[in-house]
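**Q** Here you go, this is run_25.txt (compact mmCIF, C-alpha atoms).
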# COMPACT_ATOMS: atom_id res chain seq x y z
CA MET A 1 71.79 143.86 -81.15
CA PHE A 2 72.82 146.04 -78.23
CA HIS A 3 72.31 149.66 -79.25
CA PRO A 4 75.35 151.97 -78.71
CA ASN A 5 73.16 154.64 -77.12
CA ARG A 6 71.94 152.13 -74.61
CA ARG A 7 75.54 151.23 -73.73
CA TRP A 8 76.24 154.88 -73.18
CA LEU A 9 73.20 155.25 -70.91
CA PHE A 10 74.28 152.29 -68.80
CA ALA A 11 77.79 153.69 -68.53
CA VAL A 12 76.47 157.08 -67.42
CA ALA A 13 74.18 155.40 -64.87
CA ALA A 14 77.06 153.35 -63.48
CA VAL A 15 79.27 156.42 -63.15
CA PHE A 16 76.45 158.33 -61.47
CA ALA A 17 75.78 155.51 -59.01
CA ALA A 18 79.46 155.19 -58.18
CA GLY A 19 79.72 158.94 -57.71
CA LEU A 20 76.67 158.96 -55.45
CA ALA A 21 78.06 156.13 -53.33
CA HIS A 22 81.42 157.91 -53.08
CA ALA A 23 79.78 161.21 -52.15
CA GLN A 24 77.68 159.47 -49.49
CA SER A 25 80.73 157.71 -48.03
CA ASP A 26 82.55 161.05 -47.78
CA LYS A 27 79.84 162.48 -45.58
CA GLN A 28 79.98 162.23 -41.80
CA PRO A 29 77.92 159.22 -40.68
CA ILE A 30 74.81 159.69 -38.60
CA LYS A 31 75.00 157.79 -35.31
CA LEU A 32 72.01 156.15 -33.69
CA LEU A 33 72.89 155.54 -30.04
CA VAL A 34 71.24 152.53 -28.39
CA GLY A 35 71.56 152.03 -24.65
CA PHE A 36 71.15 148.26 -24.80
CA ALA A 37 73.16 145.31 -26.03
CA PRO A 38 73.11 144.11 -29.64
CA GLY A 39 70.37 141.61 -30.35
CA GLY A 40 67.77 143.09 -28.01
CA GLY A 41 64.44 144.55 -29.05
CA THR A 42 65.48 148.20 -29.13
CA ASP A 43 68.68 147.34 -30.97
CA ALA A 44 66.73 145.32 -33.57
CA VAL A 45 64.35 148.20 -34.26
CA ALA A 46 67.22 150.70 -34.47
CA ARG A 47 69.09 148.53 -36.97
CA LEU A 48 66.00 147.92 -39.08
CA VAL A 49 65.42 151.67 -39.36
CA ALA A 50 69.12 152.45 -39.78
CA ASN A 51 69.39 150.14 -42.79
CA LYS A 52 66.78 152.19 -44.64
CA LEU A 53 67.86 155.72 -43.72
CA PRO A 54 70.97 156.16 -45.93
CA ALA A 55 68.92 155.97 -49.13
CA LEU A 56 66.64 158.71 -47.81
CA LEU A 57 69.21 160.96 -46.16
CA GLY A 58 72.22 160.51 -48.44
CA GLN A 59 74.46 159.79 -45.44
CA PRO A 60 75.82 156.62 -43.88
CA VAL A 61 73.95 155.62 -40.70
CA ILE A 62 75.53 153.48 -37.98
CA VAL A 63 74.12 152.02 -34.76
CA GLU A 64 76.35 152.47 -31.72
CA ASN A 65 75.51 150.30 -28.72
CA MET A 66 76.27 151.77 -25.30
CA ALA A 67 74.69 149.19 -23.02
CA GLY A 68 74.40 149.79 -19.30
CA ALA A 69 72.49 151.50 -16.50
CA GLY A 70 69.10 150.92 -18.06
CA GLY A 71 69.90 153.07 -21.09
CA ARG A 72 71.44 155.93 -19.14
CA LEU A 73 74.88 155.57 -20.73
CA ALA A 74 73.48 156.25 -24.19
CA ALA A 75 71.37 159.12 -22.84
CA ASN A 76 74.47 160.63 -21.23
CA ALA A 77 76.33 160.38 -24.54
CA LEU A 78 73.47 162.01 -26.44
CA VAL A 79 73.39 164.96 -24.03
CA ALA A 80 77.15 165.40 -24.53
CA ALA A 81 76.96 165.17 -28.34
CA ALA A 82 77.09 168.18 -30.64
CA PRO A 83 73.58 169.28 -31.68
CA ASP A 84 74.43 169.12 -35.37
CA GLY A 85 71.94 166.56 -36.63
CA ASN A 86 74.48 163.74 -36.77
CA THR A 87 73.73 162.05 -33.44
CA PHE A 88 70.39 160.62 -32.32
CA MET A 89 69.23 158.09 -29.75
CA VAL A 90 66.76 155.25 -30.22
CA ALA A 91 65.30 154.19 -26.89
CA ASN A 92 62.24 152.70 -25.28
CA ASN A 93 59.97 154.77 -23.08
CA ALA A 94 61.54 153.44 -19.88
CA VAL A 95 64.77 155.35 -20.48
CA HIS A 96 63.12 158.71 -20.02
CA THR A 97 60.09 157.88 -17.87
CA PHE A 98 61.39 155.40 -15.32
CA GLN A 99 65.01 156.50 -15.24
CA SER A 100 63.77 160.04 -14.52
CA LEU A 101 61.16 159.06 -11.91
CA VAL A 102 63.12 156.32 -10.13
CA PHE A 103 66.77 157.25 -10.62
CA GLY A 104 66.43 161.01 -10.98
CA HIS A 105 68.86 161.66 -8.14
CA GLN A 106 71.55 159.71 -10.04
CA ILE A 107 71.28 161.44 -13.41
CA LYS A 108 72.42 164.90 -14.47
CA TRP A 109 70.05 165.41 -17.40
CA HIS A 110 66.38 166.31 -17.60
CA TYR A 111 64.18 164.71 -20.22
CA GLN A 112 62.61 168.06 -21.21
CA ARG A 113 65.64 170.32 -21.03
CA ASP A 114 68.31 168.11 -22.57
CA PHE A 115 66.52 166.10 -25.26
CA ALA A 116 64.68 167.08 -28.43
CA PRO A 117 61.92 164.63 -29.47
CA VAL A 118 62.25 163.53 -33.09
CA ALA A 119 59.77 160.74 -33.83
CA GLY A 120 57.92 157.79 -32.37
CA LEU A 121 58.88 154.45 -33.92
CA THR A 122 56.88 151.60 -32.41
CA SER A 123 54.40 150.53 -29.77
CA TYR A 124 53.96 147.09 -28.24
CA PRO A 125 51.96 145.42 -25.47
CA LEU A 126 53.17 144.19 -22.11
CA GLY A 127 51.45 141.18 -20.61
CA MET A 128 51.20 138.94 -17.57
CA ALA A 129 51.76 135.22 -18.03
CA VAL A 130 51.45 132.16 -15.83
CA PRO A 131 52.50 128.52 -16.34
CA SER A 132 49.70 126.64 -18.08
CA ALA A 133 50.06 123.88 -15.49
CA ILE A 134 48.36 125.94 -12.77
CA GLY A 135 45.12 125.96 -14.77
CA VAL A 136 44.55 129.72 -14.77
CA THR A 137 43.21 131.27 -17.98
CA ASN A 138 42.27 134.85 -17.06
CA VAL A 139 42.77 137.57 -14.45
CA PRO A 140 39.78 136.72 -12.18
CA GLU A 141 40.92 133.08 -12.06
CA TYR A 142 44.45 134.18 -11.24
CA LEU A 143 43.22 136.30 -8.33
CA LYS A 144 41.32 133.31 -6.91
CA TRP A 145 44.43 131.16 -7.32
CA VAL A 146 46.67 133.70 -5.55
CA LYS A 147 44.28 134.00 -2.61
CA ALA A 148 44.24 130.21 -2.34
CA ASN A 149 48.05 130.05 -2.60
CA PRO A 150 49.35 133.08 -0.65
CA ALA A 151 52.88 131.62 -0.43
CA LYS A 152 53.08 131.89 -4.23
CA SER A 153 51.95 135.50 -4.40
CA THR A 154 54.93 136.67 -6.44
CA PHE A 155 55.68 137.75 -9.99
CA GLY A 156 58.81 137.90 -12.09
CA SER A 157 60.11 141.10 -13.65
CA THR A 158 63.25 141.96 -15.62
CA GLY A 159 64.76 143.89 -12.76
CA THR A 160 63.26 146.45 -10.41
CA GLY A 161 62.42 150.08 -10.97
CA GLY A 162 61.03 149.62 -14.47
CA GLN A 163 57.64 149.51 -16.14
CA THR A 164 56.97 145.79 -15.67
CA HIS A 165 57.82 146.08 -11.97
CA PHE A 166 55.41 148.96 -11.38
CA LEU A 167 52.66 147.40 -13.46
CA GLY A 168 52.76 144.53 -10.97
CA VAL A 169 52.77 146.95 -8.04
CA GLN A 170 49.74 148.81 -9.36
CA PHE A 171 47.89 145.60 -10.24
CA ALA A 172 48.39 144.29 -6.71
CA LYS A 173 47.14 147.57 -5.26
CA ASP A 174 44.05 147.68 -7.48
CA ALA A 175 43.27 144.01 -6.82
CA GLY A 176 43.80 144.25 -3.08
CA ILE A 177 46.42 141.50 -2.95
CA ASP A 178 50.00 141.24 -1.74
CA LEU A 179 52.23 140.59 -4.74
CA GLN A 180 56.00 140.62 -4.31
CA VAL A 181 58.38 141.16 -7.22
CA ILE A 182 61.13 138.67 -8.11
CA PRO A 183 63.75 140.58 -10.13
CA TYR A 184 65.62 138.82 -12.92
CA ARG A 185 68.65 139.78 -14.97
CA GLY A 186 66.87 139.67 -18.29
CA ALA A 187 63.92 137.98 -19.91
CA THR A 188 65.54 134.61 -20.67
CA PRO A 189 66.05 133.42 -17.07
CA MET A 190 62.65 134.83 -16.09
CA VAL A 191 60.80 132.94 -18.82
CA THR A 192 62.85 129.80 -18.11
CA ASP A 193 61.73 129.83 -14.47
CA LEU A 194 58.18 130.60 -15.54
CA LEU A 195 58.09 127.60 -17.88
CA ALA A 196 59.52 125.37 -15.15
CA GLY A 197 56.94 126.56 -12.63
CA HIS A 198 59.56 128.07 -10.30
CA THR A 199 57.95 131.48 -10.81
CA PRO A 200 54.13 131.48 -10.64
CA ALA A 201 53.65 134.60 -12.77
CA ALA A 202 55.65 137.15 -14.73
CA ILE A 203 55.12 140.51 -16.40
CA GLY A 204 57.09 141.21 -19.54
CA LEU A 205 57.24 141.89 -23.24
CA MET A 206 54.95 139.86 -25.43
CA ASP A 207 57.92 139.17 -27.69
CA ASP A 208 59.46 137.13 -24.86
CA MET A 209 56.32 135.13 -24.03
CA LEU A 210 54.15 134.95 -27.13
CA LYS A 211 55.62 131.83 -28.74
CA PHE A 212 55.20 129.90 -25.48
CA HIS A 213 51.65 131.19 -25.13
CA ARG A 214 50.86 129.99 -28.65
CA ALA A 215 52.54 126.65 -27.95
CA GLY A 216 50.39 126.19 -24.85
CA SER A 217 53.16 126.04 -22.25
CA LEU A 218 52.37 129.52 -20.89
CA LYS A 219 49.10 131.40 -20.62
CA VAL A 220 49.13 135.15 -21.04
CA ILE A 221 46.13 136.12 -18.95
CA GLY A 222 45.99 139.77 -19.99
CA VAL A 223 47.76 142.68 -21.63
CA PHE A 224 48.11 146.12 -20.08
CA SER A 225 47.27 148.10 -23.22
CA ALA A 226 44.23 150.37 -23.24
CA LYS A 227 42.71 148.16 -25.95
CA ARG A 228 43.52 144.81 -27.50
CA SER A 229 46.66 144.81 -29.57
CA PRO A 230 46.53 143.83 -33.26
CA LEU A 231 49.56 141.68 -32.42
CA THR A 232 47.57 139.66 -29.87
CA PRO A 233 43.86 140.11 -30.71
CA ASP A 234 42.94 136.94 -28.80
CA ILE A 235 44.33 138.18 -25.47
CA PRO A 236 42.01 140.43 -23.41
CA THR A 237 43.19 143.57 -21.67
CA PHE A 238 43.23 144.04 -17.91
CA ALA A 239 40.65 146.79 -18.46
CA GLU A 240 38.26 144.24 -19.97
CA GLN A 241 38.73 142.07 -16.89
CA GLY A 242 37.81 144.62 -14.27
CA PHE A 243 40.81 146.95 -14.05
CA PRO A 244 39.99 149.97 -16.23
CA SER A 245 42.64 152.27 -14.75
CA LEU A 246 45.48 149.77 -15.15
CA LYS A 247 47.33 150.53 -18.35
CA GLY A 248 50.88 150.65 -19.60
CA GLU A 249 51.85 150.12 -23.20
CA ALA A 250 55.53 150.24 -24.14
CA TRP A 251 56.93 152.18 -27.08
CA GLN A 252 60.15 153.27 -28.72
CA GLY A 253 61.18 156.64 -30.08
CA MET A 254 64.05 158.73 -31.35
CA TRP A 255 65.59 161.81 -29.73
CA ALA A 256 68.28 164.35 -30.60
CA PRO A 257 70.38 166.55 -28.33
CA ALA A 258 68.63 169.72 -27.22
CA LYS A 259 69.33 172.72 -29.49
CA THR A 260 69.56 170.53 -32.59
CA PRO A 261 68.29 172.77 -35.43
CA LYS A 262 64.63 172.21 -36.25
CA ALA A 263 65.52 171.64 -39.90
CA GLN A 264 67.68 168.67 -38.91
CA ILE A 265 64.98 167.23 -36.67
CA ASP A 266 62.34 167.68 -39.39
CA ARG A 267 64.64 166.01 -41.92
CA MET A 268 65.10 162.93 -39.76
CA GLN A 269 61.44 162.89 -38.73
CA GLU A 270 60.32 162.78 -42.36
CA ALA A 271 62.83 160.04 -43.16
CA VAL A 272 61.57 157.94 -40.24
CA ARG A 273 57.99 158.42 -41.36
CA ASN A 274 58.89 157.11 -44.81
CA VAL A 275 60.77 154.13 -43.36
CA LEU A 276 57.82 153.11 -41.18
CA GLU A 277 55.55 153.17 -44.21
CA MET A 278 57.70 150.64 -46.11
CA HIS A 279 55.99 147.29 -46.55
CA ASP A 280 59.03 145.18 -45.67
CA VAL A 281 59.67 147.23 -42.53
CA LYS A 282 56.07 146.82 -41.39
CA GLU A 283 56.25 143.08 -42.02
CA ALA A 284 59.54 142.68 -40.18
CA MET A 285 58.30 144.65 -37.18
CA THR A 286 54.97 142.86 -36.81
CA THR A 287 56.03 139.29 -37.65
CA ARG A 288 59.64 139.10 -36.50
CA LEU A 289 59.96 141.71 -33.74
CA ASN A 290 56.37 141.66 -32.41
CA VAL A 291 56.04 145.45 -32.37
CA LEU A 292 53.71 147.79 -34.24
CA PRO A 293 55.23 150.49 -36.45
CA THR A 294 53.76 153.61 -34.84
CA PHE A 295 54.92 156.90 -36.28
CA ARG A 296 54.53 159.94 -34.04
CA ASN A 297 55.88 163.35 -34.93
CA ALA A 298 58.00 165.33 -32.48
CA THR A 299 55.02 167.07 -30.90
CA GLU A 300 53.09 163.85 -30.45
CA LEU A 301 56.13 162.14 -28.97
CA ALA A 302 56.52 164.95 -26.41
CA LEU A 303 52.82 164.71 -25.50
CA ILE A 304 52.84 160.97 -24.92
CA GLN A 305 55.98 161.36 -22.83
CA GLU A 306 54.31 163.96 -20.61
CA ALA A 307 51.16 161.86 -20.24
CA GLU A 308 53.24 158.88 -19.17
CA MET A 309 55.21 160.89 -16.63
CA LYS A 310 51.98 162.17 -15.06
CA TYR A 311 50.51 158.65 -14.93
CA TRP A 312 53.50 156.92 -13.35
CA GLU A 313 54.81 159.57 -10.97
CA PRO A 314 52.13 159.14 -8.25
CA ILE A 315 52.22 155.35 -8.62
CA ILE A 316 55.97 155.22 -8.09
CA LYS A 317 55.88 157.69 -5.19
CA SER A 318 53.09 155.84 -3.40
CA SER A 319 54.91 152.53 -3.80
CA GLY A 320 57.72 153.74 -1.57
CA PHE A 321 60.27 152.02 -3.80
CA LYS A 322 63.84 153.18 -3.36
CA PRO A 323 66.58 151.94 -5.72
CA GLU A 324 69.63 150.37 -4.15
Is it possible to give me this structure as structure tokens?
**A**
Amino acid sequence: MFHPNRRWLFAVAAVFAAGLAHAQSDKQPIKLLVGFAPGGGTDAVARLVANKLPALLGQPVIVENMAGAGGRLAANALVAAAPDGNTFMVANNAVHTFQSLVFGHQIKWHYQRDFAPVAGLTSYPLGMAVPSAIGVTNVPEYLKWVKANPAKSTFGSTGTGGQTHFLGVQFAKDAGIDLQVIPYRGATPMVTDLLAGHTPAAIGLMDDMLKFHRAGSLKVIGVFSAKRSPLTPDIPTFAEQGFPSLKGEAWQGMWAPAKTPKAQIDRMQEAVRNVLEMHDVKEAMTTRLNVLPTFRNATELALIQEAEMKYWEPIIKSSGFKPE
């Protein structure tokens, strides 16, 4: 028989849950700005994290996509937002590093002055792939092939002025070869041309190339991480293959407007840390999104940002690249 006291407990629990949901809905939602279109890698990570945050913060959390200008539109909106702990931005490292170093004359914000680091979210490798049909399996073999086929000394990149572009520039310089970039409007057309053999090589996210590598239609000849990635333990680094100074891992983080109270930043930072420790989040990131959950606190995020700026600034300057 159902005990009356138990009925009463269930009723109280239901009322409490309804009250909690109502109280949460009454609160101003937290916005996570994403400077890229829905469905992309940064958007997917932001939504995965956003789905878990309300239970930890007691506030609704929404993702607002502001695609365009390589993430600059979202960055502009974050700078203009009130520093009240209700607006944050989830972005990859290129938004601050390469937008600042390449397009600095076109932007009005400064990555140190106008943004407050909150937390690092992920890290993931970038790699160089070739069509399997050319018979190249590693970097030394690729260099021999390029020297034997100088008319095909090109590589695909998702646009110019970004990390994959300058990884190719630095690789060519270190290897002593001429390697011209072929810019694409996104990963899909780049990989399509790579599979068809129209592009002899491409540098991009492993998420875009890994399934074709595993299927045998593409060969990823190396990753640019400092050490082998747990996501791709079978693929050697460029450092292992004779290029120890060539490195460039990608990552994603979260920022708030400058002058956001430290208590609000600490609150979100702790919530993010808890989210990244959740088993289902780890599994989704590593198996579905091909990124590693990589928590960094605000100080660590600022440090990695500075290290990256110092690494890429001389490379970009010496390349002579000027955006159109």
**Q** Neighbours of segment 212-226 of chain A within 6 Å (only C-alpha atoms; same-chain residues fewer than 2 positions away dropped), as a VMD selection string?
**A** chain A and resid 125 to 132 137 to 139 209 to 210 235 to 238 247 to 249
**Q** How many Å lie between atom CA of Gln252 of chain A and atom CA of Ser157 of chain A, rounded to one decimal?
**A**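 Separating atom CA of Gln252 of chain A from atom CA of Ser157 of chain A is a distance of 19.4 Å.
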**Q** How many Å lie between atom CA of Lys108 of chain A and atom CA of Lys259 of chain A, rounded to one decimal?
**A** 17.2 Å
**Q** Which residue gives the smallest distance to Pro83 of chain A among A:Ala239, A:Ile30, A:Gly104, A:Thr42, with all atoms listed in the file counted?
**A**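 Among A:Ala239, A:Ile30, A:Gly104, A:Thr42, it is A:Ile30 that comes nearest to Pro83 of chain A.
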**Q** Please list as a PDB file with C-alpha atoms, in the frame of the given file every residue within 10 Å of Thr160 of chain A, counting all atoms listed in the file and excluding residues in the same chain fewer than 4 positions away.
**A**
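Below is the file that was written, part.pdb:
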ATOM      1  CA  VAL A 102      63.120 156.320 -10.130  1.00  0.00           C
ATOM      2  CA  GLY A 156      58.810 137.900 -12.090  1.00  0.00           C
ATOM      3  CA  THR A 164      56.970 145.790 -15.670  1.00  0.00           C
ATOM      4  CA  HIS A 165      57.820 146.080 -11.970  1.00  0.00           C
ATOM      5  CA  PHE A 166      55.410 148.960 -11.380  1.00  0.00           C
ATOM      6  CA  VAL A 181      58.380 141.160  -7.220  1.00  0.00           C
ATOM      7  CA  ILE A 182      61.130 138.670  -8.110  1.00  0.00           C
ATOM      8  CA  PRO A 183      63.750 140.580 -10.130  1.00  0.00           C
ATOM      9  CA  TYR A 184      65.620 138.820 -12.920  1.00  0.00           C
ATOM     10  CA  ARG A 185      68.650 139.780 -14.970  1.00  0.00           C
ATOM     11  CA  PHE A 321      60.270 152.020  -3.800  1.00  0.00           C
ATOM     12  CA  LYS A 322      63.840 153.180  -3.360  1.00  0.00           C
ATOM     13  CA  PRO A 323      66.580 151.940  -5.720  1.00  0.00           C
ATOM     14  CA  GLU A 324      69.630 150.370  -4.150  1.00  0.00           C
TER      15      GLU A 324
END
**Q** Which residue is closest to Ala302 of chain A? Choose from A:Asp178, A:Phe115, A:Val63, A:Ala44 and count all atoms listed in the file.
**A**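 Distance minimum relative to Ala302 of chain A lands on A:Phe115.
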**Q** Please provide as a PyMOL selection string all residues within 10 Å of Pro38 of chain A, with the sequence filter that same-chain residues fewer than 5 positions apart are discarded (counting all atoms listed in the file).
**A** chain A and resi 43-44+47+63-67
**Q** To one decimal in Å, tell me the separation between atom CA of Ile315 of chain A and atom CA of Pro189 of chain A.
**A**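 Spanning atom CA of Ile315 of chain A to atom CA of Pro189 of chain A is a straight-line distance of 27.3 Å.
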**Q** Segment 89-104 of chain A, all listed atoms, 3 Å padding on each side: what axis-aligned box centre and edge lengths in Å to one decimal come out, as AutoDock Vina command-line options?
**A**
--center_x 64.6 --center_y 156.9 --center_z -20.2 --size_x 15.3 --size_y 14.3 --size_z 26.1
**Q** Identify which of the residues A:Val90, A:Val34, A:Ala148, A:Ile177 lies closest to Ala74 of chain A, counting all atoms listed in the file when measuring atom-to-atom distances.
**A**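 Residue with the minimum atom-to-atom distance to Ala74 of chain A: A:Val34.
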**Q** Residues near Asp280 of chain A, anyone? I mean within 12 Å using all atoms listed in the file, not counting same-chain ones fewer than 3 positions away, as a list in words.
**A**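 With the cut-off at 12 Å, the set is Leu48, Val49, Asn51, Lys52, Asn274, Val275, Leu276, Glu277, Glu283, Ala284, Met285, Thr286, Thr287, Arg288 and Pro293 of chain A.
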**Q** Point out the residue among A:Met254, A:Asn93, A:Ala116, A:Gly242 with the least atom-to-atom distance to Ala307 of chain A, counting all atoms listed in the file.
**A**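 Checking each of A:Met254, A:Asn93, A:Ala116, A:Gly242 against Ala307 of chain A, counting all atoms listed in the file, the winner is A:Asn93.
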**Q** Determine the nearest neighbour of Leu289 of chain A from the options A:Met206, A:Ala94, A:Val79, A:Val118, counting all atoms listed in the file.
**A** A:Met206
**Q** Might you pull out every residue within 10 Å of Asn92 of chain A, with only C-alpha atoms counted and same-chain residues fewer than 2 positions away left off, and present them as an MDAnalysis selection string?
**A** chainID A and resid 34:36 41:42 71 89:90 94:97 120:123 250:254
**Q** Have a look at A:Phe155, A:Phe88, A:Phe243, A:Trp145 and name the one nearest to Gln269 of chain A; count all atoms listed in the file.
**A**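 So, comparing all the options, the nearest one is A:Phe88.
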**Q** Residues within 12 Å of (60.9, 160.2, -12.2), file coordinates, counting only C-alpha atoms: what are they? Give the list as a PyMOL selection string.
**A** chain A and resi 94-107+109-111+161-163+305-306+308-317+321-323
